[in-house]
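Participant: Provided herewith: input.cif, mmCIF, C-alpha atoms.
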```
data_query
loop_
_atom_site.label_atom_id
_atom_site.label_comp_id
_atom_site.auth_asym_id
_atom_site.auth_seq_id
_atom_site.Cartn_x
_atom_site.Cartn_y
_atom_site.Cartn_z
CA MET T 141 0.00 0.00 0.00
CA LYS T 142 2.81 2.42 0.88
CA LEU T 143 4.57 1.61 -2.38
CA PHE T 144 1.40 2.31 -4.34
CA MET T 145 0.93 5.65 -2.61
CA LEU T 146 4.57 6.55 -3.33
CA ILE T 147 4.22 5.79 -7.03
CA LEU T 148 0.96 7.73 -7.19
CA GLY T 149 2.57 10.72 -5.48
CA ILE T 150 5.47 10.74 -7.95
CA ALA T 151 3.09 10.53 -10.91
CA LEU T 152 0.97 13.42 -9.61
CA THR T 153 4.07 15.53 -8.94
CA THR T 154 5.43 14.87 -12.46
CA ASP T 155 2.08 15.73 -14.00
CA ALA T 156 1.87 18.94 -11.99
CA THR T 157 5.42 19.89 -13.03
CA LYS T 158 4.58 19.34 -16.70
CA LYS T 159 1.46 21.48 -16.41
CA LYS T 160 3.40 24.21 -14.64
CA THR T 161 6.08 24.20 -17.34
CA ALA T 162 3.47 24.29 -20.09
CA LEU T 163 1.77 27.27 -18.46
CA ARG T 164 5.10 29.10 -18.11
CA ILE T 165 5.99 28.46 -21.75
CA ASN T 166 2.54 29.55 -22.90
CA GLU T 167 2.85 32.70 -20.81
CA LEU T 168 6.28 33.41 -22.31
CA ARG T 169 4.92 32.90 -25.82
CA ASN T 170 2.13 35.38 -25.16
CA LYS T 171 4.57 37.97 -23.79
CA ILE T 172 6.86 37.62 -26.82
CA THR T 173 3.87 37.92 -29.15
CA GLY T 174 2.84 41.04 -27.25
CA LYS T 175 6.30 42.51 -27.82
CA LEU T 176 6.00 41.80 -31.52
CA LEU T 177 2.58 43.53 -31.69
CA ALA T 178 3.73 46.58 -29.71
CA ASP T 179 3.38 49.96 -31.41
CA ASP T 180 7.08 50.73 -31.07
CA PHE T 181 8.13 47.46 -32.73
CA ILE T 182 9.32 48.07 -36.30
CA VAL T 183 8.63 45.16 -38.64
CA GLY T 184 11.74 43.74 -40.33
CA MET T 185 14.08 46.15 -38.55
CA LEU T 186 17.63 45.10 -37.79
CA PRO T 187 18.24 44.44 -34.09
CA SER T 188 19.34 47.66 -32.39
CA PHE T 189 22.46 47.51 -30.18
CA ASN T 190 24.85 49.92 -28.62
CA GLU T 191 28.00 50.77 -30.54
CA SER T 192 29.95 48.18 -28.54
CA GLU T 193 27.39 45.47 -29.31
CA ARG T 194 27.33 44.74 -33.01
CA ASN T 195 24.82 42.55 -34.81
CA ILE T 196 26.45 39.14 -34.74
CA ILE T 197 24.91 36.19 -36.55
CA ALA T 198 26.31 32.87 -35.35
CA VAL T 199 26.01 30.05 -37.86
CA ASN T 200 26.65 26.34 -37.76
CA ILE T 201 25.69 23.48 -40.07
CA PHE T 202 24.71 19.90 -39.37
CA ILE T 203 25.32 17.63 -42.39
CA ASP T 204 22.74 14.86 -42.33
CA SER T 205 24.05 12.99 -45.38
CA ILE T 206 26.38 13.28 -48.37
CA ARG T 207 25.38 11.40 -51.49
CA SER T 208 28.58 11.64 -53.53
CA ILE T 209 31.87 13.52 -53.73
CA THR T 210 33.38 14.26 -57.14
CA SER T 211 33.98 17.76 -58.48
CA GLU T 212 30.90 18.61 -56.42
CA ALA T 213 29.11 17.12 -53.42
CA THR T 214 25.37 16.83 -52.86
CA ALA T 215 24.43 17.05 -49.19
CA ASP T 216 21.36 17.36 -46.97
CA ILE T 217 22.11 19.92 -44.27
CA TYR T 218 20.48 21.76 -41.41
CA LEU T 219 21.42 25.44 -41.48
CA ARG T 220 21.22 27.04 -38.04
CA HIS T 221 21.27 30.75 -37.16
CA LEU T 222 21.66 32.22 -33.70
CA TRP T 223 21.29 35.92 -32.89
CA TYR T 224 19.84 38.33 -30.33
CA GLU T 225 16.76 40.51 -30.75
CA PRO T 226 16.72 43.01 -27.84
CA ALA T 227 13.25 44.26 -28.82
CA ILE T 228 11.62 41.04 -27.57
CA ALA T 229 13.84 40.45 -24.52
CA LEU T 230 11.77 40.16 -21.35
CA GLN T 231 14.64 40.98 -18.98
CA GLU T 232 18.00 42.68 -18.92
CA ASN T 233 20.77 40.80 -20.65
CA ASN T 234 24.41 41.46 -21.29
CA PHE T 235 24.06 39.72 -24.68
CA VAL T 236 26.68 37.02 -24.56
CA ASP T 237 28.42 36.43 -27.87
CA PRO T 238 26.12 33.99 -29.73
CA THR T 239 29.14 32.12 -31.12
CA SER T 240 30.07 30.87 -27.64
CA LYS T 241 28.52 27.85 -25.96
CA ALA T 242 27.50 30.07 -23.04
CA SER T 243 24.98 31.85 -25.26
CA ILE T 244 22.50 29.00 -24.77
CA ASN T 245 21.71 28.86 -21.08
CA PHE T 246 19.55 25.88 -20.26
CA ASN T 247 18.56 27.50 -16.97
CA ARG T 248 16.52 29.97 -18.99
CA THR T 249 13.18 29.28 -20.61
CA TYR T 250 12.96 28.86 -24.37
CA VAL T 251 9.76 28.62 -26.32
CA LYS T 252 9.16 27.16 -29.76
CA MET T 253 7.51 29.56 -32.18
CA ASP T 254 5.63 28.84 -35.37
CA SER T 255 7.68 30.41 -38.15
CA THR T 256 4.64 30.53 -40.44
CA ASP T 257 2.63 32.59 -37.94
CA SER T 258 1.91 36.11 -39.20
CA ASN T 259 3.05 37.65 -35.91
CA VAL T 260 6.36 35.75 -35.94
CA LYS T 261 6.97 36.91 -39.50
CA ARG T 262 7.29 40.46 -38.14
CA LEU T 263 10.70 39.45 -36.76
CA TRP T 264 13.80 40.32 -38.74
CA LYS T 265 15.67 37.33 -40.10
CA PRO T 266 19.15 37.11 -41.59
CA ASP T 267 19.29 37.29 -45.39
CA THR T 268 21.92 34.58 -45.63
CA PHE T 269 22.86 33.24 -49.02
CA PHE T 270 25.31 30.60 -50.23
CA SER T 271 28.12 31.93 -52.39
CA GLN T 272 29.59 29.67 -55.12
CA ILE T 273 27.11 26.92 -54.34
CA ARG T 274 25.91 25.12 -57.48
CA ASP T 275 22.35 24.57 -56.23
CA VAL T 276 20.26 25.13 -53.10
CA LYS T 277 16.81 23.68 -52.43
CA THR T 278 14.65 24.01 -49.34
CA MET T 279 13.46 20.66 -48.01
CA GLY T 280 9.93 21.18 -46.77
CA THR T 281 8.19 24.38 -45.72
CA MET T 282 8.73 24.26 -41.96
CA GLU T 283 11.45 26.20 -40.21
CA TYR T 284 12.28 25.45 -36.62
CA MET T 285 12.39 28.56 -34.41
CA ARG T 286 13.08 28.84 -30.71
CA VAL T 287 13.03 32.12 -28.74
CA GLY T 288 14.37 32.72 -25.24
CA ASP T 289 13.28 35.23 -22.62
CA ASP T 290 16.69 36.93 -23.03
CA GLY T 291 15.97 37.72 -26.70
CA LEU T 292 18.03 34.87 -28.12
CA ILE T 293 16.60 33.46 -31.37
CA LEU T 294 17.58 30.11 -32.85
CA THR T 295 16.38 29.00 -36.29
CA SER T 296 17.02 25.80 -38.20
CA LYS T 297 16.10 24.93 -41.77
CA GLN T 298 16.71 21.79 -43.82
CA LEU T 299 18.34 22.37 -47.20
CA LYS T 300 19.74 20.36 -50.06
CA VAL T 301 22.93 21.93 -51.39
CA VAL T 302 25.44 21.09 -54.12
CA MET T 303 28.86 22.25 -52.92
CA PRO T 304 31.92 22.74 -55.16
CA CYS T 305 34.82 20.42 -54.36
CA THR T 306 38.49 20.55 -55.24
CA ILE T 307 40.25 17.31 -56.16
CA ARG T 308 44.02 16.82 -56.35
CA VAL T 309 43.72 14.68 -59.47
CA SER T 310 47.43 13.90 -59.84
CA TYR T 311 47.39 12.04 -56.49
CA PHE T 312 44.34 9.87 -57.25
CA PRO T 313 43.53 7.50 -55.50
CA PHE T 314 45.76 8.83 -52.70
CA ASP T 315 44.27 12.31 -53.01
CA VAL T 316 42.68 14.64 -50.48
CA THR T 317 39.44 16.34 -51.52
CA PHE T 318 37.90 19.39 -49.87
CA CYS T 319 34.45 20.91 -50.34
CA THR T 320 33.83 24.58 -49.63
CA VAL T 321 30.85 26.25 -47.97
CA THR T 322 30.69 30.05 -48.17
CA LEU T 323 27.96 32.12 -46.46
CA SER T 324 27.36 35.84 -46.48
CA SER T 325 24.66 38.46 -46.14
CA TYR T 326 22.91 39.37 -49.35
CA GLY T 327 22.15 43.01 -48.61
CA HIS T 328 23.69 44.07 -45.28
CA PRO T 329 27.33 45.28 -45.26
CA VAL T 330 29.77 44.48 -42.50
CA ASP T 331 28.89 47.71 -40.67
CA ASP T 332 25.38 46.35 -40.11
CA LEU T 333 25.92 42.63 -39.81
CA VAL T 334 28.80 40.34 -38.89
CA TYR T 335 28.74 36.61 -39.60
CA LYS T 336 30.70 34.21 -37.40
CA TRP T 337 30.94 30.46 -37.10
CA ARG T 338 29.55 28.93 -33.95
CA THR T 339 31.67 26.17 -32.42
CA PRO T 340 31.58 23.57 -33.88
CA ALA T 341 31.13 25.20 -37.27
CA ILE T 342 30.11 22.02 -39.10
CA ILE T 343 28.92 18.77 -37.57
CA LEU T 344 29.47 15.72 -39.75
CA PRO T 345 28.82 12.24 -38.34
CA SER T 346 31.50 9.89 -39.71
CA GLU T 347 29.00 7.08 -40.32
CA ASN T 348 27.38 9.23 -43.01
CA LEU T 349 30.45 8.70 -45.24
CA ASP T 350 30.53 4.89 -45.31
CA ASP T 351 28.97 4.54 -48.76
CA ILE T 352 30.81 7.26 -50.72
CA GLY T 353 34.38 5.98 -50.50
CA PHE T 354 35.80 8.78 -48.34
CA SER T 355 36.83 9.28 -44.74
CA PHE T 356 36.47 12.58 -42.90
CA MET T 357 39.72 14.40 -42.05
CA HIS T 358 39.05 17.82 -40.55
CA ILE T 359 37.36 21.18 -41.07
CA THR T 360 38.89 24.62 -41.36
CA ALA T 361 36.53 27.52 -40.66
CA LYS T 362 37.30 31.21 -40.90
CA SER T 363 35.62 34.61 -41.11
CA THR T 364 36.59 37.19 -43.68
CA VAL T 365 35.34 40.33 -45.41
CA ASP T 366 34.58 40.40 -49.12
CA LYS T 367 35.27 43.78 -50.71
CA LEU T 368 32.79 44.26 -53.54
CA ASP T 369 31.69 47.21 -55.64
CA THR T 370 28.52 47.48 -53.56
CA GLY T 371 30.39 47.48 -50.23
CA ASP T 372 32.22 45.27 -47.78
CA PHE T 373 30.32 42.18 -46.67
CA SER T 374 31.01 39.82 -43.78
CA THR T 375 31.66 36.30 -45.07
CA ILE T 376 32.28 32.96 -43.40
CA VAL T 377 34.05 30.11 -45.18
CA ALA T 378 34.44 26.45 -44.21
CA ASP T 379 36.49 23.81 -46.02
CA ILE T 380 35.57 20.19 -45.33
CA PHE T 381 38.46 17.83 -46.03
CA PHE T 382 38.03 14.19 -47.03
CA GLN T 383 40.57 11.48 -47.77
CA ARG T 384 39.76 8.88 -50.36
CA ASN T 385 39.58 5.26 -49.19
CA PHE T 386 41.99 3.53 -51.59
CA ASN T 387 41.49 -0.02 -50.26
CA VAL T 388 38.90 -0.70 -52.93
CA TYR T 389 41.36 0.34 -55.66
CA ILE T 390 43.96 -2.09 -54.31
CA ILE T 391 41.47 -4.95 -54.71
CA GLN T 392 39.97 -3.85 -58.03
CA VAL T 393 43.01 -2.47 -59.88
CA TYR T 394 46.41 -2.84 -58.22
CA ILE T 395 46.30 -6.55 -57.38
CA PRO T 396 44.78 -7.64 -60.76
CA ALA T 397 47.36 -5.56 -62.66
CA ALA T 398 50.24 -7.09 -60.70
CA LEU T 399 48.88 -10.63 -61.22
CA ILE T 400 48.60 -10.08 -64.98
CA VAL T 401 52.25 -9.00 -65.06
CA MET T 402 53.27 -12.15 -63.15
CA LEU T 403 51.20 -14.27 -65.55
CA SER T 404 53.21 -12.90 -68.47
CA TRP T 405 56.38 -14.36 -66.89
CA LEU T 406 55.15 -17.94 -67.38
CA GLY T 407 56.55 -17.81 -70.90
CA PHE T 408 60.08 -17.72 -69.49
CA TRP T 409 59.65 -21.31 -68.26
CA ILE T 410 58.06 -22.68 -71.45
CA ASN T 411 60.21 -24.35 -74.10
CA ARG T 412 61.41 -21.75 -76.54
CA ASN T 413 60.31 -23.97 -79.44
CA ALA T 414 56.70 -23.92 -78.19
CA THR T 415 55.93 -20.75 -80.10
CA PRO T 416 52.09 -21.05 -80.05
CA ALA T 417 52.01 -21.47 -76.27
CA ARG T 418 54.29 -18.52 -75.56
CA ALA T 419 52.54 -16.33 -78.11
CA SER T 420 49.13 -17.17 -76.59
CA ILE T 421 50.27 -16.16 -73.10
CA GLY T 422 51.75 -12.90 -74.39
CA ILE T 423 48.71 -11.89 -76.44
CA THR T 424 46.29 -12.84 -73.64
CA THR T 425 48.12 -10.77 -71.02
CA VAL T 426 48.42 -7.76 -73.35
CA LEU T 427 44.70 -7.79 -74.18
CA THR T 428 43.76 -8.29 -70.53
CA MET T 429 45.90 -5.32 -69.48
CA LEU T 430 44.32 -3.15 -72.19
CA THR T 431 40.84 -4.12 -70.98
CA LEU T 432 41.72 -3.35 -67.37
CA ALA T 433 43.23 0.01 -68.33
CA SER T 434 40.23 1.07 -70.44
CA GLN T 435 37.70 0.01 -67.79
CA THR T 436 39.65 1.87 -65.13
CA MET T 437 39.55 5.10 -67.15
CA MET T 438 35.84 4.77 -67.97
CA LYS T 439 34.78 3.94 -64.42
CA TYR T 440 35.70 7.16 -62.67
CA ASP T 441 34.68 10.81 -62.75
CA GLU T 442 35.32 12.80 -65.91
CA ASN T 443 37.69 15.16 -64.13
CA ILE T 444 39.78 12.20 -62.94
CA SER T 445 39.78 10.17 -66.17
CA SER T 446 40.73 13.22 -68.26
CA SER T 447 44.01 13.77 -66.38
CA VAL T 448 47.06 11.66 -65.69
CA ASN T 449 47.02 10.37 -62.11
CA ALA T 450 48.82 7.91 -59.85
CA LEU T 451 46.52 5.05 -60.79
CA ASP T 452 47.17 5.57 -64.51
CA LEU T 453 50.92 5.50 -63.92
CA TYR T 454 50.72 2.13 -62.20
CA VAL T 455 48.38 0.56 -64.76
CA TRP T 456 50.44 1.70 -67.73
CA GLY T 457 53.63 0.73 -65.90
CA CYS T 458 52.26 -2.81 -65.61
CA PHE T 459 51.25 -2.68 -69.28
CA THR T 460 54.87 -1.83 -70.14
CA PHE T 461 56.08 -4.91 -68.26
CA VAL T 462 53.66 -7.10 -70.20
CA ILE T 463 54.86 -5.65 -73.52
CA MET T 464 58.48 -6.18 -72.49
CA ALA T 465 57.69 -9.86 -71.81
CA MET T 466 56.50 -10.15 -75.43
CA VAL T 467 59.66 -8.42 -76.64
CA GLU T 468 61.73 -10.87 -74.56
CA PHE T 469 60.06 -13.81 -76.33
CA ALA T 470 60.92 -12.32 -79.72
CA CYS T 471 64.55 -11.84 -78.67
CA ALA T 472 64.81 -15.37 -77.27
CA ASP T 473 63.36 -16.81 -80.47
CA TYR T 474 65.70 -14.79 -82.69
CA PHE T 475 69.01 -15.18 -80.87
CA ASN T 476 68.55 -18.73 -79.60
CA LYS T 477 67.10 -20.81 -82.41
CA PRO T 478 67.30 -24.59 -81.79
CA LYS T 479 70.13 -26.22 -83.76
CA PHE T 480 71.12 -29.75 -84.54
CA SER T 481 74.42 -30.93 -83.20
CA ALA T 482 77.13 -30.10 -85.73
CA SER T 483 78.90 -33.37 -85.06
CA LYS T 484 75.78 -35.34 -85.78
CA GLN T 485 75.19 -33.45 -88.98
CA THR T 486 78.78 -34.04 -90.32
CA SER T 487 79.78 -37.47 -88.91
CA PRO T 488 79.68 -40.06 -91.68
CA THR T 489 79.09 -42.83 -89.17
CA LYS T 490 75.73 -41.40 -88.24
CA LYS T 491 74.38 -41.06 -91.73
CA ALA T 492 71.57 -43.35 -92.66
CA ASN T 493 72.95 -46.71 -93.95
CA PRO T 494 70.89 -47.81 -96.95
CA ALA T 495 72.16 -51.35 -96.56
CA SER T 496 70.96 -51.56 -92.97
CA VAL T 497 67.60 -50.12 -93.87
CA SER T 498 67.24 -52.64 -96.70
CA LEU T 499 68.37 -55.39 -94.40
CA LEU T 500 65.72 -54.46 -91.86
CA SER T 501 63.04 -54.51 -94.51
CA ASN T 502 64.07 -57.88 -95.93
CA GLU T 503 64.46 -59.54 -92.57
CA ALA T 504 61.11 -58.21 -91.42
CA ASP T 505 59.52 -59.86 -94.47
CA ASN T 506 61.33 -63.15 -93.87
CA GLY T 507 60.06 -63.33 -90.28
CA MET T 508 63.37 -63.21 -88.38
CA GLN T 509 64.85 -66.48 -89.73
CA SER T 510 68.00 -66.66 -87.57
CA ALA T 511 69.50 -65.40 -84.30
CA GLY T 512 72.30 -63.66 -86.16
CA SER T 513 69.86 -61.78 -88.29
CA GLY T 514 67.94 -60.74 -85.13
CA ILE T 515 71.06 -59.19 -83.61
CA GLN T 516 71.75 -57.36 -86.84
CA LYS T 517 68.19 -56.04 -86.89
CA PHE T 518 68.43 -54.76 -83.31
CA ARG T 519 71.67 -52.92 -84.07
CA ALA T 520 70.19 -51.43 -87.23
CA LEU T 521 67.15 -50.13 -85.34
CA VAL T 522 69.38 -48.48 -82.72
CA ASN T 523 71.50 -46.81 -85.38
CA LEU T 524 68.42 -45.61 -87.26
CA GLN T 525 66.97 -44.07 -84.10
CA LYS T 526 70.22 -42.20 -83.39
CA GLU T 527 70.33 -40.91 -86.95
CA ARG T 528 66.86 -39.43 -86.70
CA SER T 529 67.25 -37.90 -83.22
CA ILE T 530 68.35 -34.33 -82.45
CA THR T 531 69.79 -32.82 -79.32
CA PRO T 532 66.96 -31.64 -76.94
CA PRO T 533 66.97 -27.84 -76.83
CA SER T 534 68.17 -26.35 -73.55
CA ALA T 535 66.67 -23.22 -71.93
CA SER T 536 67.54 -19.99 -73.73
CA ARG T 537 70.13 -17.81 -72.07
CA VAL T 538 67.74 -14.87 -72.52
CA ASP T 539 64.98 -16.79 -70.72
CA GLN T 540 67.30 -17.73 -67.88
CA ILE T 541 68.23 -14.09 -67.29
CA SER T 542 64.62 -12.89 -67.64
CA ARG T 543 63.36 -15.31 -64.96
CA TYR T 544 65.22 -13.24 -62.36
CA LEU T 545 65.55 -9.84 -64.02
CA PHE T 546 61.82 -9.19 -64.64
CA PRO T 547 60.63 -9.94 -61.06
CA LEU T 548 63.52 -7.89 -59.63
CA VAL T 549 62.76 -4.84 -61.79
CA PHE T 550 59.03 -5.14 -61.08
CA LEU T 551 59.71 -5.30 -57.35
CA ILE T 552 61.88 -2.16 -57.58
CA PHE T 553 59.11 -0.43 -59.56
CA ASN T 554 56.55 -1.21 -56.83
CA VAL T 555 58.86 -0.10 -54.03
CA ILE T 556 59.57 3.22 -55.75
CA TYR T 557 55.87 3.75 -56.55
CA ILE T 558 54.60 3.02 -53.03
CA THR T 559 57.36 5.01 -51.34
CA SER T 560 56.97 8.04 -53.61
CA TYR T 561 53.22 8.37 -53.25
CA SER T 562 53.32 7.67 -49.52
CA ILE T 563 55.70 10.59 -49.07
CA LEU T 564 53.75 12.83 -51.45
CA SER T 565 50.45 12.05 -49.70
CA TYR T 566 52.00 12.81 -46.33
CA ILE T 567 53.33 16.15 -47.63
CA LEU T 568 49.94 16.96 -49.18
CA TYR T 569 48.09 16.14 -45.96
CA ASN T 570 50.37 18.30 -43.82
CA SER T 571 50.33 21.20 -46.25
CA ILE T 572 46.52 21.18 -46.16
CA ARG T 573 46.45 21.13 -42.36
CA VAL T 574 48.78 24.15 -42.29
CA ASP T 575 46.58 26.02 -44.76
#
```
Could you write out this structure as structure tokens?

Facilitator:
Amino acid sequence: MKLFMLILGIALTTDATKKKTALRINELRNKITGKLLADDFIVGMLPSFNESERNIIAVNIFIDSIRSITSEATADIYLRHLWYEPAIALQENNFVDPTSKASINFNRTYVKMDSTDSNVKRLWKPDTFFSQIRDVKTMGTMEYMRVGDDGLILTSKQLKVVMPCTIRVSYFPFDVTFCTVTLSSYGHPVDDLVYKWRTPAIILPSENLDDIGFSFMHITAKSTVDKLDTGDFSTIVADIFFQRNFNVYIIQVYIPAALIVMLSWLGFWINRNATPARASIGITTVLTMLTLASQTMMKYDENISSSVNALDLYVWGCFTFVIMAMVEFACADYFNKPKFSASKQTSPTKKANPASVSLLSNEADNGMQSAGSGIQKFRALVNLQKERSITPPSASRVDQISRYLFPLVFLIFNVIYITSYSILSYILYNSIRVD
């Protein structure tokens, strides 16, 4: 019974607290609406501050998803603005810088306002626009707005943007790509309005990049002033840096290319007189390398496939090794043609003996009539076999050298390639971080 009464008391207290909070929020909403409908409130007027308190618009962006990153990136974002409106403040406030975390005080009361309400539309809102963005679309018609009793206003709107991206094509697939977001006021110069990034400037969950082949590196955010013919405008710029995940290229391109090169070396172990077999291996590996190279160029973005990059250098390097294996076969065939033994060609004792051949034929017809004739037949057969035999061809000297030279040179090529681009990627990464 006591436990039941305790649970009932907690439930009633919680319900009473919720009702009290709802009444306080409703009262705050009515007071703010009353401020907006006051006679001295000027519709669409910039917030009025003292000279030491400039109009600061704090901005940050939450990136919900990124669909792809090439020369541009399509992303769904939430654009958030934070600023003070002293005309609707219900109490004295020292107007903490909205870019700081202390600007949002959870001990204060904040009320959600309907941005489509005619009274709320009387508020001034920042005329923010995206500079150098390829495309901007508003997702839905609702805009989240929250107002505090200290005059702090927070708005959030979902947008679909297409950001320009810069790719270091020559380093592909070890490149670093960065996409740029630039925001500014459309009509208010820096004397009226100052834009600043709120910390953190851009929020990007790493799990949102799993399907686009990139990993998030870091963000550089800065504030600047654009000097235009129409005046000086406050501008904020953020560069989002991504590093390409090259593991997939190792599996799809690098390993197959290396295996094709190794397959072309099989000809070094095949008899040099087996011309069809060696020619088949050479032609097959050449055509396979050409197919891999063409598919690699067609598979990627136009900006990447139209320029020479690190992947192209490796593929065409492997193609060169395959061609050189074909050239080696031609050299081995030309300089090391199989020859009959000179002694066997000139020795009179090893020439075919017509008498022995005739003897074999006659004795075969007579059915081996005597033991002496059988011995003579056996000797004649042995001599005939020796006369018709040639010396088995040994491995070409060119092939013997190539069995060790080609793998050694290919190993050196891979070591130089991996070392060079590892160093260049490290230098590129550090230079970007310094910038």

Participant: Can you give me, as a list in words, the residues this file yields under the PyMOL selection byres ((chain T and resi 465-474) around 8)?

Facilitator: Ser404, Trp405, Gly407, Phe408, Arg412, Asn413, Arg418, Ala419, Gly422, Phe461, Val462, Ile463, Met464, Phe475, Asn476, Lys477, Ser536, Arg537, Val538, Asp539 and Ser542 of chain T

Participant: In Å, how far is it from CA of Val309 (chain T) to CA of Asp452 (chain T)?

Facilitator: 11.0 Å

Participant: Could you spell out the hits of the PyMOL selection byres ((chain T and resi 558) around 12) on the shown file, as a PyMOL selection string?

Facilitator: chain T and resi 314+390+394+450-451+453-454+551-557+559-565

Participant: For a test of reading the model, state the distance in Å between CA of Ala227 (chain T) and CA of Ser296 (chain T), rounded to one decimal.

Facilitator: 21.0 Å

Participant: Of the candidates T:Phe386, T:Phe550, T:Phe312, T:Phe354, which one gets nearest to Arg207 (chain T) if we count all atoms listed in the file?

Facilitator: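 So, comparing all the options, the nearest one is T:Phe354.
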
Participant: Could you list as a ChimeraX atom specification every residue that has an atom within 10 Å of (37.5, 26.6, -33.2), using the file's coordinates and counting all atoms listed in the file?

Facilitator: /T:337-341,359-362

Participant: Take CA of Glu212 (chain T) and CA of Ile444 (chain T) and report the distance between them in Å, one decimal.

Facilitator: 12.7 Å

Participant: From the list T:Val287, T:Ala397, T:Ile201, T:Ala433, which residue is nearest Leu344 (chain T) when using all atoms listed in the file?

Facilitator: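 Nearest candidate to Leu344 (chain T) out of T:Val287, T:Ala397, T:Ile201, T:Ala433: T:Ile201.
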
Participant: I need the residue nearest Tyr250 (chain T) from this list: T:Asp372, T:Asp351, T:Asp379, T:Asp289. Use all atoms listed in the file for the distance.

Facilitator: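 Of all the options, T:Asp289 lies closest to Tyr250 (chain T).
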
Participant: From the options T:Met285, T:Val334, T:Met402, T:Leu219, which residue's atoms come nearest to Ile196 (chain T), counting all atoms listed in the file?

Facilitator: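 The shortest atom-to-atom distance to Ile196 (chain T) comes from T:Val334.
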
Participant: Could you check which of T:Ile400, T:Val199, T:Val377, T:Ile172 is closest to His221 (chain T), using all atoms listed in the file?

Facilitator: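 Looking only at the distances to His221 (chain T), the closest residue turns out to be T:Val199.
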
Participant: Report the residues retrieved by the PyMOL selection byres ((chain T and resi 315) around 9) from the displayed file, expressed as a list in words.

Facilitator: Ile307, Arg308, Val309, Ser310, Tyr311, Phe312, Pro313, Phe314, Val316, Thr317, Phe382, Gln383, Arg384, Ser565, Leu568 and Tyr569 of chain T

Participant: Using all atoms listed in the file, which of the listed residues (T:Asp366, T:Asp216, T:Asp179, T:Asp257) sits closest to Val276 (chain T)?

Facilitator: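 Among the listed residues, the smallest separation from Val276 (chain T) belongs to T:Asp216.
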
Participant: Taking the partial coordinates given, rebuild region 223-227 of chain T to contain all heavy atoms; return it as a compact mmCIF listing (two decimals), in the frame of the given file.

Facilitator:
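Ended up saving to result_14.txt:
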```txt
# COMPACT_ATOMS: atom_id res chain seq x y z
N TRP T 223 21.05 34.49 -33.07
CA TRP T 223 21.29 35.92 -32.89
C TRP T 223 20.37 36.46 -31.80
O TRP T 223 19.45 35.77 -31.33
CB TRP T 223 21.09 36.69 -34.20
CG TRP T 223 19.66 36.90 -34.61
CD1 TRP T 223 18.89 38.00 -34.39
CD2 TRP T 223 18.81 35.98 -35.32
NE1 TRP T 223 17.62 37.85 -34.92
CE2 TRP T 223 17.56 36.61 -35.50
CE3 TRP T 223 18.99 34.70 -35.83
CZ2 TRP T 223 16.51 36.00 -36.16
CZ3 TRP T 223 17.93 34.09 -36.48
CH2 TRP T 223 16.71 34.73 -36.64
N TYR T 224 20.63 37.68 -31.38
CA TYR T 224 19.84 38.33 -30.33
C TYR T 224 18.93 39.40 -30.94
O TYR T 224 19.33 40.12 -31.85
CB TYR T 224 20.75 38.99 -29.28
CG TYR T 224 21.35 38.00 -28.31
CD1 TYR T 224 22.68 37.59 -28.44
CD2 TYR T 224 20.62 37.49 -27.24
CE1 TYR T 224 23.25 36.70 -27.55
CE2 TYR T 224 21.17 36.60 -26.35
CZ TYR T 224 22.48 36.21 -26.50
OH TYR T 224 23.04 35.32 -25.62
N GLU T 225 17.72 39.46 -30.39
CA GLU T 225 16.76 40.51 -30.75
C GLU T 225 16.36 41.21 -29.46
O GLU T 225 15.49 40.73 -28.71
CB GLU T 225 15.56 39.90 -31.46
CG GLU T 225 14.44 40.88 -31.76
CD GLU T 225 14.89 42.04 -32.62
OE1 GLU T 225 15.00 41.87 -33.84
OE2 GLU T 225 15.14 43.13 -32.04
N PRO T 226 17.01 42.35 -29.13
CA PRO T 226 16.72 43.01 -27.84
C PRO T 226 15.29 43.52 -27.73
O PRO T 226 14.79 43.73 -26.63
CB PRO T 226 17.74 44.15 -27.82
CG PRO T 226 18.11 44.39 -29.24
CD PRO T 226 18.03 43.07 -29.92
N ALA T 227 14.61 43.70 -28.86
CA ALA T 227 13.25 44.26 -28.82
C ALA T 227 12.25 43.30 -28.19
O ALA T 227 11.19 43.72 -27.72
CB ALA T 227 12.80 44.63 -30.23
```
